[in-house]
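Engineer: Dropping a structure here in structure tokens format, bear with me for questions.
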Amino acid sequence: MPNSQPKTTRFVLIGASLLAALAGYINTLFLSLYLLPVSHLSGTLSRFSLDISKNDWSDLSQISGIIVGFLFGAMLSGLIIGNSTLQLGRRYGVVLVLEGLFLALSAWLLHLVPLLAVSLASLACGIQNGMASNYRGMIIRTTHVTGVITDLGVLLGRWVRHKKVDTWQFALLVLTLFAFLVGGLLGAVMTKLFAGNALWFASALTASIGGVYFTWRHYQSTLVTQL
């Protein structure tokens, strides 16, 4: 099928952009409310080290919840998908719906048990990050941009040296970076307007994307069965 690869590439570009925007939105929301990042762990682990050095056990328990939640979410994603190579037809829809449900639970608990709500949001981001797939030699990251900026820098360095650079790789990195930024800006605005209730929007959108993918996958399998 000669058109399958371009079709998959378009799917990857759109999907990665949507997920990066969601991660930027969620991370900015929790930074705005609690000064805590939930979509990545580099700074969180550094804060974990600081808490130990200062014997700050109250903050340490909160930071530990973020780390454990992210780890558990990634484990769930690995259990459900089972493979790191991106392939249309895998159970990404189930994972996204599950992520949306955990975000909804986090939104519900945000004003009741904030510590648990933060951990659940981190768990949801871990689920999404666990979807990170290898596509045509590139790792697709959507919950943090350190690797994205690194890959973009390497790609630009190769281009300066007059090496061949695939346009789709450049487009994927730029779109992911831009989407994370735009999602963060939207998250800041929505948090200012709706406070913690802004998380419900991210929950609904994530579950909806998962539902659309699940429906499409079911439709494709039905077509194959009828052939």
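Letters A, B, ... mark the chains of the structure tokens in the order given; residue numbers begin at 1 per chain; ligand numbers begin at 1, in order shown.
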Counting only C-alpha atoms, what is within 10 Å of Leu88 of chain A, bar same-chain residues fewer than 6 positions away, as a ChimeraX atom specification?
Structural biologist: /A:8,11-12,213,217
Engineer: If DSSP is run on the backbone, what residues of segment 8-169 of chain A are helix (DSSP H, G or I)? A reply as a compact mmCIF listing (two decimals) with N, CA, C and O atoms, in the first residue's frame would be ideal.
Structural biologist:
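Final output, saved to result04.txt:
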```txt
# COMPACT_ATOMS: atom_id res chain seq x y z
N THR A 8 -0.04 7.52 7.73
CA THR A 8 0.40 7.35 9.11
C THR A 8 1.15 8.58 9.61
O THR A 8 0.98 9.00 10.75
N THR A 9 1.97 9.17 8.74
CA THR A 9 2.72 10.37 9.13
C THR A 9 1.77 11.51 9.47
O THR A 9 1.99 12.23 10.46
N ARG A 10 0.72 11.70 8.69
CA ARG A 10 -0.27 12.74 9.00
C ARG A 10 -0.94 12.46 10.35
O ARG A 10 -1.15 13.38 11.15
N PHE A 11 -1.25 11.20 10.59
CA PHE A 11 -1.84 10.80 11.87
C PHE A 11 -0.90 11.14 13.03
O PHE A 11 -1.32 11.65 14.07
N VAL A 12 0.39 10.86 12.83
CA VAL A 12 1.40 11.12 13.87
C VAL A 12 1.52 12.62 14.14
O VAL A 12 1.57 13.06 15.29
N LEU A 13 1.56 13.43 13.09
CA LEU A 13 1.70 14.88 13.25
C LEU A 13 0.50 15.47 14.00
O LEU A 13 0.67 16.27 14.93
N ILE A 14 -0.70 15.06 13.62
CA ILE A 14 -1.91 15.58 14.28
C ILE A 14 -2.00 15.07 15.71
O ILE A 14 -2.25 15.83 16.65
N GLY A 15 -1.79 13.76 15.88
CA GLY A 15 -1.90 13.16 17.21
C GLY A 15 -0.88 13.72 18.18
O GLY A 15 -1.22 14.05 19.33
N ALA A 16 0.37 13.82 17.74
CA ALA A 16 1.43 14.34 18.62
C ALA A 16 1.15 15.79 19.02
O ALA A 16 1.37 16.19 20.16
N SER A 17 0.65 16.58 18.08
CA SER A 17 0.35 17.99 18.38
C SER A 17 -0.77 18.11 19.41
O SER A 17 -0.68 18.90 20.36
N LEU A 18 -1.83 17.34 19.24
CA LEU A 18 -2.95 17.38 20.18
C LEU A 18 -2.51 16.95 21.58
O LEU A 18 -2.84 17.60 22.58
N LEU A 19 -1.74 15.87 21.66
CA LEU A 19 -1.31 15.37 22.96
C LEU A 19 -0.32 16.31 23.63
O LEU A 19 -0.35 16.49 24.85
N ALA A 20 0.57 16.91 22.84
CA ALA A 20 1.52 17.87 23.42
C ALA A 20 0.79 19.10 23.96
O ALA A 20 1.13 19.62 25.02
N ALA A 21 -0.23 19.56 23.23
CA ALA A 21 -1.02 20.70 23.70
C ALA A 21 -1.72 20.35 25.02
O ALA A 21 -1.78 21.18 25.94
N LEU A 22 -2.27 19.16 25.12
CA LEU A 22 -2.93 18.73 26.35
C LEU A 22 -1.95 18.68 27.52
O LEU A 22 -2.26 19.12 28.63
N ALA A 23 -0.76 18.13 27.28
CA ALA A 23 0.24 18.05 28.33
C ALA A 23 0.67 19.45 28.79
O ALA A 23 0.82 19.70 29.99
N GLY A 24 0.87 20.35 27.83
CA GLY A 24 1.23 21.73 28.19
C GLY A 24 0.13 22.39 29.00
O GLY A 24 0.40 23.12 29.96
N TYR A 25 -1.10 22.13 28.62
CA TYR A 25 -2.27 22.68 29.33
C TYR A 25 -2.31 22.17 30.77
O TYR A 25 -2.43 22.95 31.72
N ILE A 26 -2.20 20.86 30.94
CA ILE A 26 -2.29 20.25 32.27
C ILE A 26 -1.13 20.70 33.16
O ILE A 26 -1.32 21.06 34.33
N ASN A 27 0.07 20.71 32.59
CA ASN A 27 1.24 21.09 33.39
C ASN A 27 1.16 22.54 33.85
O ASN A 27 1.47 22.87 35.00
N THR A 28 0.74 23.43 32.96
CA THR A 28 0.61 24.84 33.33
C THR A 28 -0.46 25.05 34.38
O THR A 28 -0.31 25.87 35.29
N LEU A 29 -1.55 24.28 34.27
CA LEU A 29 -2.62 24.38 35.26
C LEU A 29 -2.10 24.07 36.66
O LEU A 29 -2.36 24.83 37.62
N PHE A 30 -1.35 22.99 36.79
CA PHE A 30 -0.85 22.61 38.12
C PHE A 30 0.30 23.50 38.59
O PHE A 30 0.48 23.71 39.78
N LEU A 31 1.05 24.04 37.66
CA LEU A 31 2.06 25.02 38.04
C LEU A 31 1.39 26.30 38.56
O LEU A 31 1.86 26.92 39.51
N SER A 32 0.28 26.67 37.93
CA SER A 32 -0.45 27.87 38.34
C SER A 32 -1.08 27.69 39.73
O SER A 32 -1.07 28.59 40.55
N LEU A 33 -1.63 26.51 39.98
CA LEU A 33 -2.36 26.28 41.23
C LEU A 33 -1.45 25.89 42.39
O LEU A 33 -1.64 26.34 43.53
N TYR A 34 -0.45 25.03 42.11
CA TYR A 34 0.35 24.47 43.21
C TYR A 34 1.86 24.60 43.02
O TYR A 34 2.62 24.10 43.84
N SER A 42 12.03 15.58 35.75
CA SER A 42 13.42 16.02 35.98
C SER A 42 13.51 16.99 37.16
O SER A 42 14.25 16.77 38.12
N GLY A 43 12.72 18.07 37.11
CA GLY A 43 12.73 19.04 38.20
C GLY A 43 12.16 18.45 39.48
O GLY A 43 12.58 18.79 40.59
N THR A 44 11.20 17.54 39.33
CA THR A 44 10.57 16.92 40.49
C THR A 44 11.58 16.07 41.27
O THR A 44 11.61 16.10 42.50
N LEU A 45 12.42 15.33 40.54
CA LEU A 45 13.43 14.51 41.21
C LEU A 45 14.48 15.39 41.90
O LEU A 45 14.98 15.04 42.97
N SER A 46 14.80 16.53 41.29
CA SER A 46 15.73 17.47 41.93
C SER A 46 15.13 18.01 43.22
O SER A 46 15.82 18.15 44.24
N ARG A 47 13.84 18.32 43.17
CA ARG A 47 13.15 18.79 44.37
C ARG A 47 13.08 17.68 45.42
O ARG A 47 13.18 17.95 46.62
N PHE A 48 12.95 16.45 44.99
CA PHE A 48 12.97 15.29 45.89
C PHE A 48 14.29 15.26 46.65
O PHE A 48 14.33 15.04 47.87
N SER A 49 15.40 15.48 45.94
CA SER A 49 16.72 15.50 46.57
C SER A 49 16.84 16.64 47.57
O SER A 49 17.38 16.47 48.67
N LEU A 50 16.32 17.81 47.19
CA LEU A 50 16.36 18.96 48.09
C LEU A 50 15.56 18.70 49.36
O LEU A 50 15.98 19.05 50.48
N ASP A 51 14.40 18.08 49.21
CA ASP A 51 13.56 17.78 50.37
C ASP A 51 14.26 16.84 51.35
O ASP A 51 14.17 17.00 52.57
N ILE A 52 14.97 15.86 50.80
CA ILE A 52 15.70 14.94 51.66
C ILE A 52 16.81 15.67 52.41
O ILE A 52 17.01 15.49 53.61
N SER A 53 17.53 16.55 51.69
CA SER A 53 18.64 17.29 52.32
C SER A 53 18.15 18.24 53.40
O SER A 53 18.85 18.53 54.37
N LYS A 54 16.90 18.74 53.25
CA LYS A 54 16.33 19.69 54.21
C LYS A 54 15.45 19.02 55.26
O LYS A 54 14.89 19.70 56.13
N TRP A 57 9.79 16.62 55.15
CA TRP A 57 9.04 15.40 54.88
C TRP A 57 7.62 15.67 54.37
O TRP A 57 7.04 14.85 53.67
N SER A 58 7.08 16.83 54.71
CA SER A 58 5.72 17.14 54.22
C SER A 58 5.73 17.35 52.71
O SER A 58 4.87 16.83 51.98
N ASP A 59 6.71 18.11 52.23
CA ASP A 59 6.80 18.31 50.78
C ASP A 59 7.26 17.04 50.09
O ASP A 59 6.84 16.74 48.97
N LEU A 60 8.09 16.27 50.78
CA LEU A 60 8.60 15.02 50.21
C LEU A 60 7.47 14.05 49.89
O LEU A 60 7.50 13.36 48.87
N SER A 61 6.46 14.01 50.75
CA SER A 61 5.33 13.10 50.50
C SER A 61 4.56 13.51 49.25
O SER A 61 4.11 12.66 48.47
N GLN A 62 4.42 14.81 49.03
CA GLN A 62 3.73 15.30 47.84
C GLN A 62 4.53 14.99 46.59
O GLN A 62 3.98 14.53 45.58
N ILE A 63 5.83 15.24 46.63
CA ILE A 63 6.70 14.98 45.49
C ILE A 63 6.75 13.47 45.19
O ILE A 63 6.73 13.05 44.03
N SER A 64 6.77 12.67 46.25
CA SER A 64 6.79 11.21 46.07
C SER A 64 5.52 10.76 45.35
O SER A 64 5.56 9.85 44.51
N GLY A 65 4.39 11.37 45.69
CA GLY A 65 3.13 11.03 45.05
C GLY A 65 3.17 11.29 43.55
O GLY A 65 2.61 10.52 42.75
N ILE A 66 3.80 12.39 43.15
CA ILE A 66 3.93 12.72 41.73
C ILE A 66 4.78 11.68 41.01
O ILE A 66 4.43 11.19 39.93
N ILE A 67 5.90 11.31 41.62
CA ILE A 67 6.82 10.35 41.01
C ILE A 67 6.16 8.97 40.88
O ILE A 67 6.20 8.34 39.81
N VAL A 68 5.57 8.51 41.96
CA VAL A 68 4.92 7.20 41.96
C VAL A 68 3.74 7.18 40.98
O VAL A 68 3.54 6.21 40.24
N GLY A 69 2.97 8.27 40.95
CA GLY A 69 1.84 8.34 40.04
C GLY A 69 2.29 8.27 38.59
O GLY A 69 1.70 7.52 37.79
N PHE A 70 3.32 9.01 38.24
CA PHE A 70 3.83 9.00 36.86
C PHE A 70 4.32 7.61 36.48
O PHE A 70 4.05 7.12 35.38
N LEU A 71 5.05 6.98 37.39
CA LEU A 71 5.57 5.64 37.14
C LEU A 71 4.44 4.63 36.92
O LEU A 71 4.47 3.83 35.98
N PHE A 72 3.43 4.69 37.77
CA PHE A 72 2.31 3.76 37.67
C PHE A 72 1.54 3.99 36.38
O PHE A 72 1.10 3.04 35.72
N GLY A 73 1.38 5.25 35.98
CA GLY A 73 0.69 5.56 34.73
C GLY A 73 1.42 5.00 33.53
O GLY A 73 0.81 4.42 32.62
N ALA A 74 2.75 5.18 33.50
CA ALA A 74 3.54 4.63 32.39
C ALA A 74 3.44 3.10 32.36
O ALA A 74 3.38 2.50 31.28
N MET A 75 3.40 2.49 33.55
CA MET A 75 3.28 1.03 33.62
C MET A 75 1.94 0.57 33.05
O MET A 75 1.88 -0.40 32.28
N LEU A 76 0.86 1.28 33.37
CA LEU A 76 -0.45 0.95 32.82
C LEU A 76 -0.44 1.05 31.30
O LEU A 76 -0.98 0.18 30.60
N SER A 77 0.18 2.10 30.79
CA SER A 77 0.25 2.29 29.34
C SER A 77 0.99 1.13 28.68
O SER A 77 0.56 0.61 27.65
N GLY A 78 2.11 0.73 29.29
CA GLY A 78 2.87 -0.39 28.75
C GLY A 78 2.10 -1.70 28.77
O GLY A 78 2.18 -2.51 27.85
N LEU A 79 1.32 -1.89 29.85
CA LEU A 79 0.51 -3.11 29.95
C LEU A 79 -0.56 -3.18 28.87
O LEU A 79 -0.84 -4.23 28.31
N ILE A 80 -1.17 -2.02 28.57
CA ILE A 80 -2.28 -2.00 27.61
C ILE A 80 -1.79 -2.03 26.17
O ILE A 80 -2.32 -2.79 25.34
N ILE A 81 -0.78 -1.22 25.86
CA ILE A 81 -0.30 -1.14 24.46
C ILE A 81 0.66 -2.28 24.14
O ILE A 81 0.56 -2.92 23.11
N TYR A 92 -4.44 2.56 21.46
CA TYR A 92 -4.19 3.93 21.93
C TYR A 92 -5.49 4.57 22.43
O TYR A 92 -5.46 5.38 23.36
N GLY A 93 -6.60 4.23 21.82
CA GLY A 93 -7.88 4.80 22.24
C GLY A 93 -8.23 4.43 23.67
O GLY A 93 -8.68 5.27 24.44
N VAL A 94 -7.99 3.17 24.03
CA VAL A 94 -8.26 2.72 25.40
C VAL A 94 -7.40 3.50 26.39
O VAL A 94 -7.87 3.95 27.44
N VAL A 95 -6.13 3.69 26.03
CA VAL A 95 -5.20 4.41 26.91
C VAL A 95 -5.64 5.87 27.10
O VAL A 95 -5.61 6.41 28.21
N LEU A 96 -6.07 6.51 26.02
CA LEU A 96 -6.48 7.91 26.10
C LEU A 96 -7.78 8.08 26.89
O LEU A 96 -7.92 9.04 27.66
N VAL A 97 -8.71 7.17 26.72
CA VAL A 97 -9.94 7.23 27.51
C VAL A 97 -9.61 7.05 28.99
O VAL A 97 -10.15 7.74 29.86
N LEU A 98 -8.71 6.12 29.28
CA LEU A 98 -8.28 5.90 30.66
C LEU A 98 -7.60 7.14 31.23
O LEU A 98 -7.86 7.53 32.38
N GLU A 99 -6.77 7.79 30.42
CA GLU A 99 -6.13 9.04 30.85
C GLU A 99 -7.18 10.10 31.17
O GLU A 99 -7.09 10.81 32.18
N GLY A 100 -8.18 10.21 30.30
CA GLY A 100 -9.26 11.18 30.53
C GLY A 100 -10.01 10.90 31.81
O GLY A 100 -10.38 11.83 32.55
N LEU A 101 -10.23 9.62 32.13
CA LEU A 101 -10.93 9.26 33.37
C LEU A 101 -10.11 9.63 34.61
O LEU A 101 -10.66 10.12 35.60
N PHE A 102 -8.81 9.41 34.55
CA PHE A 102 -7.96 9.79 35.68
C PHE A 102 -7.90 11.31 35.85
O PHE A 102 -7.85 11.83 36.97
N LEU A 103 -7.92 12.04 34.73
CA LEU A 103 -7.96 13.50 34.82
C LEU A 103 -9.29 13.97 35.41
O LEU A 103 -9.32 14.94 36.18
N ALA A 104 -10.37 13.29 35.06
CA ALA A 104 -11.68 13.63 35.63
C ALA A 104 -11.68 13.38 37.13
O ALA A 104 -12.21 14.19 37.91
N LEU A 105 -11.10 12.27 37.55
CA LEU A 105 -11.01 11.97 38.97
C LEU A 105 -10.16 13.01 39.70
O LEU A 105 -10.48 13.43 40.82
N SER A 106 -9.07 13.42 39.04
CA SER A 106 -8.21 14.46 39.61
C SER A 106 -8.98 15.78 39.75
O SER A 106 -8.87 16.46 40.78
N ALA A 107 -9.75 16.13 38.72
CA ALA A 107 -10.54 17.37 38.77
C ALA A 107 -11.57 17.32 39.89
O ALA A 107 -11.81 18.32 40.58
N TRP A 108 -12.18 16.16 40.09
CA TRP A 108 -13.19 16.01 41.15
C TRP A 108 -12.58 16.14 42.54
O TRP A 108 -13.17 16.71 43.46
N LEU A 109 -11.34 15.63 42.71
CA LEU A 109 -10.69 15.62 44.02
C LEU A 109 -9.84 16.88 44.28
O LEU A 109 -9.29 17.03 45.37
N PRO A 114 -6.32 17.68 47.57
CA PRO A 114 -5.39 18.20 46.56
C PRO A 114 -4.17 17.31 46.35
O PRO A 114 -3.71 17.15 45.21
N LEU A 115 -3.64 16.73 47.42
CA LEU A 115 -2.44 15.89 47.30
C LEU A 115 -2.70 14.70 46.39
O LEU A 115 -1.89 14.37 45.51
N LEU A 116 -3.85 14.06 46.55
CA LEU A 116 -4.21 12.91 45.71
C LEU A 116 -4.52 13.36 44.29
O LEU A 116 -4.18 12.67 43.32
N ALA A 117 -5.15 14.53 44.15
CA ALA A 117 -5.48 15.05 42.82
C ALA A 117 -4.22 15.30 41.99
O ALA A 117 -4.17 14.98 40.80
N VAL A 118 -3.18 15.84 42.63
CA VAL A 118 -1.92 16.09 41.93
C VAL A 118 -1.29 14.77 41.49
O VAL A 118 -0.80 14.64 40.36
N SER A 119 -1.32 13.78 42.35
CA SER A 119 -0.76 12.46 42.02
C SER A 119 -1.51 11.82 40.85
O SER A 119 -0.90 11.20 39.97
N LEU A 120 -2.83 11.97 40.84
CA LEU A 120 -3.64 11.39 39.76
C LEU A 120 -3.36 12.09 38.43
O LEU A 120 -3.36 11.46 37.37
N ALA A 121 -3.16 13.41 38.48
CA ALA A 121 -2.82 14.14 37.25
C ALA A 121 -1.47 13.69 36.71
O ALA A 121 -1.29 13.53 35.50
N SER A 122 -0.53 13.45 37.62
CA SER A 122 0.78 12.94 37.21
C SER A 122 0.65 11.54 36.63
O SER A 122 1.30 11.18 35.65
N LEU A 123 -0.24 10.73 37.23
CA LEU A 123 -0.50 9.39 36.72
C LEU A 123 -1.04 9.47 35.29
O LEU A 123 -0.63 8.70 34.40
N ALA A 124 -1.96 10.40 35.05
CA ALA A 124 -2.53 10.58 33.72
C ALA A 124 -1.45 10.95 32.71
O ALA A 124 -1.42 10.45 31.58
N CYS A 125 -0.53 11.83 33.12
CA CYS A 125 0.56 12.22 32.22
C CYS A 125 1.51 11.05 31.99
O CYS A 125 2.07 10.91 30.90
N GLY A 126 1.70 10.22 33.02
CA GLY A 126 2.53 9.03 32.86
C GLY A 126 1.93 8.07 31.85
O GLY A 126 2.65 7.45 31.06
N ILE A 127 0.61 7.95 31.87
CA ILE A 127 -0.08 7.12 30.88
C ILE A 127 0.20 7.65 29.47
O ILE A 127 0.53 6.89 28.56
N GLN A 128 0.10 8.96 29.31
CA GLN A 128 0.34 9.55 28.00
C GLN A 128 1.79 9.40 27.58
O GLN A 128 2.09 9.07 26.43
N ASN A 129 2.71 9.63 28.51
CA ASN A 129 4.12 9.53 28.18
C ASN A 129 4.50 8.09 27.85
O ASN A 129 5.40 7.84 27.05
N THR A 146 12.13 18.67 26.53
CA THR A 146 13.59 18.63 26.56
C THR A 146 14.14 17.80 25.40
O THR A 146 15.03 18.23 24.66
N GLY A 147 13.59 16.59 25.25
CA GLY A 147 14.02 15.74 24.16
C GLY A 147 13.66 16.30 22.80
O GLY A 147 14.40 16.13 21.82
N VAL A 148 12.51 16.98 22.74
CA VAL A 148 12.07 17.58 21.47
C VAL A 148 13.06 18.66 21.02
O VAL A 148 13.48 18.71 19.86
N ILE A 149 13.44 19.53 21.96
CA ILE A 149 14.38 20.60 21.63
C ILE A 149 15.76 20.02 21.30
O ILE A 149 16.45 20.51 20.39
N THR A 150 16.16 18.97 22.02
CA THR A 150 17.44 18.31 21.73
C THR A 150 17.44 17.74 20.31
O THR A 150 18.38 17.97 19.53
N ASP A 151 16.39 17.01 19.96
CA ASP A 151 16.30 16.42 18.61
C ASP A 151 16.24 17.50 17.54
O ASP A 151 16.83 17.35 16.46
N LEU A 152 15.54 18.59 17.84
CA LEU A 152 15.45 19.70 16.88
C LEU A 152 16.83 20.33 16.66
O LEU A 152 17.21 20.64 15.53
N GLY A 153 17.58 20.50 17.76
CA GLY A 153 18.92 21.06 17.64
C GLY A 153 19.84 20.16 16.83
O GLY A 153 20.61 20.64 15.98
N VAL A 154 19.77 18.86 17.08
CA VAL A 154 20.59 17.90 16.32
C VAL A 154 20.22 17.94 14.84
O VAL A 154 21.09 17.93 13.96
N LEU A 155 18.92 18.01 14.57
CA LEU A 155 18.45 18.05 13.18
C LEU A 155 18.94 19.30 12.47
O LEU A 155 19.38 19.25 11.31
N LEU A 156 18.88 20.43 13.17
CA LEU A 156 19.36 21.68 12.58
C LEU A 156 20.86 21.64 12.35
O LEU A 156 21.37 22.18 11.35
N GLY A 157 21.58 21.00 13.29
CA GLY A 157 23.02 20.86 13.12
C GLY A 157 23.37 20.05 11.89
O GLY A 157 24.30 20.40 11.14
N ARG A 158 22.63 19.00 11.64
CA ARG A 158 22.85 18.19 10.44
C ARG A 158 22.54 18.99 9.18
O ARG A 158 23.25 18.87 8.16
N TRP A 159 21.48 19.78 9.27
CA TRP A 159 21.10 20.60 8.11
C TRP A 159 22.18 21.62 7.78
O TRP A 159 22.51 21.84 6.61
N VAL A 160 22.77 22.23 8.83
CA VAL A 160 23.85 23.21 8.62
C VAL A 160 25.05 22.54 7.96
O VAL A 160 25.75 23.15 7.13
N THR A 167 11.73 16.28 5.90
CA THR A 167 10.82 17.37 6.25
C THR A 167 9.85 16.98 7.36
O THR A 167 9.55 17.78 8.24
N TRP A 168 9.37 15.73 7.33
CA TRP A 168 8.38 15.30 8.32
C TRP A 168 8.98 15.30 9.73
O TRP A 168 8.27 15.58 10.70
N GLN A 169 10.28 15.01 9.85
CA GLN A 169 10.92 15.02 11.16
C GLN A 169 10.95 16.44 11.73
O GLN A 169 10.63 16.67 12.90
```
Engineer: Would you please extract all strand (DSSP E or B) residues from segment 30-193 of chain A, as assigned by DSSP on the backbone, and give them as a PDB file with C-alpha atoms, in the first residue's frame?
Structural biologist:
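Contents of the output file selection.pdb:
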```
ATOM      1  CA  THR A  85       6.698   0.886  17.908  1.00  0.00           C
ATOM      2  CA  ASN A 134       9.217   4.833  17.929  1.00  0.00           C
ATOM      3  CA  TYR A 135       8.131   6.002  14.485  1.00  0.00           C
ATOM      4  CA  MET A 138      12.233   8.881  15.975  1.00  0.00           C
ATOM      5  CA  ILE A 139      10.904   8.776  19.542  1.00  0.00           C
TER       6      ILE A 139
END
```
Engineer: Can you measure atom CA of Thr142 of chain A to atom CA of Gly183 of chain A for me? One decimal in Å is fine.
Structural biologist: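 So the two atoms, atom CA of Thr142 of chain A and atom CA of Gly183 of chain A, lie 11.4 Å apart.
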Engineer: What gap, in Å, lies between atom CA of Thr176 of chain A and atom CA of Leu35 of chain A?
Structural biologist: 23.4 Å
Engineer: With only C-alpha atoms as the basis for distance, which of A:Leu36, A:Phe201, A:Ala207, A:Leu175 is at the shortest distance from Gly187 of chain A?
Structural biologist: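 Smallest separation from Gly187 of chain A among the options: A:Phe201.
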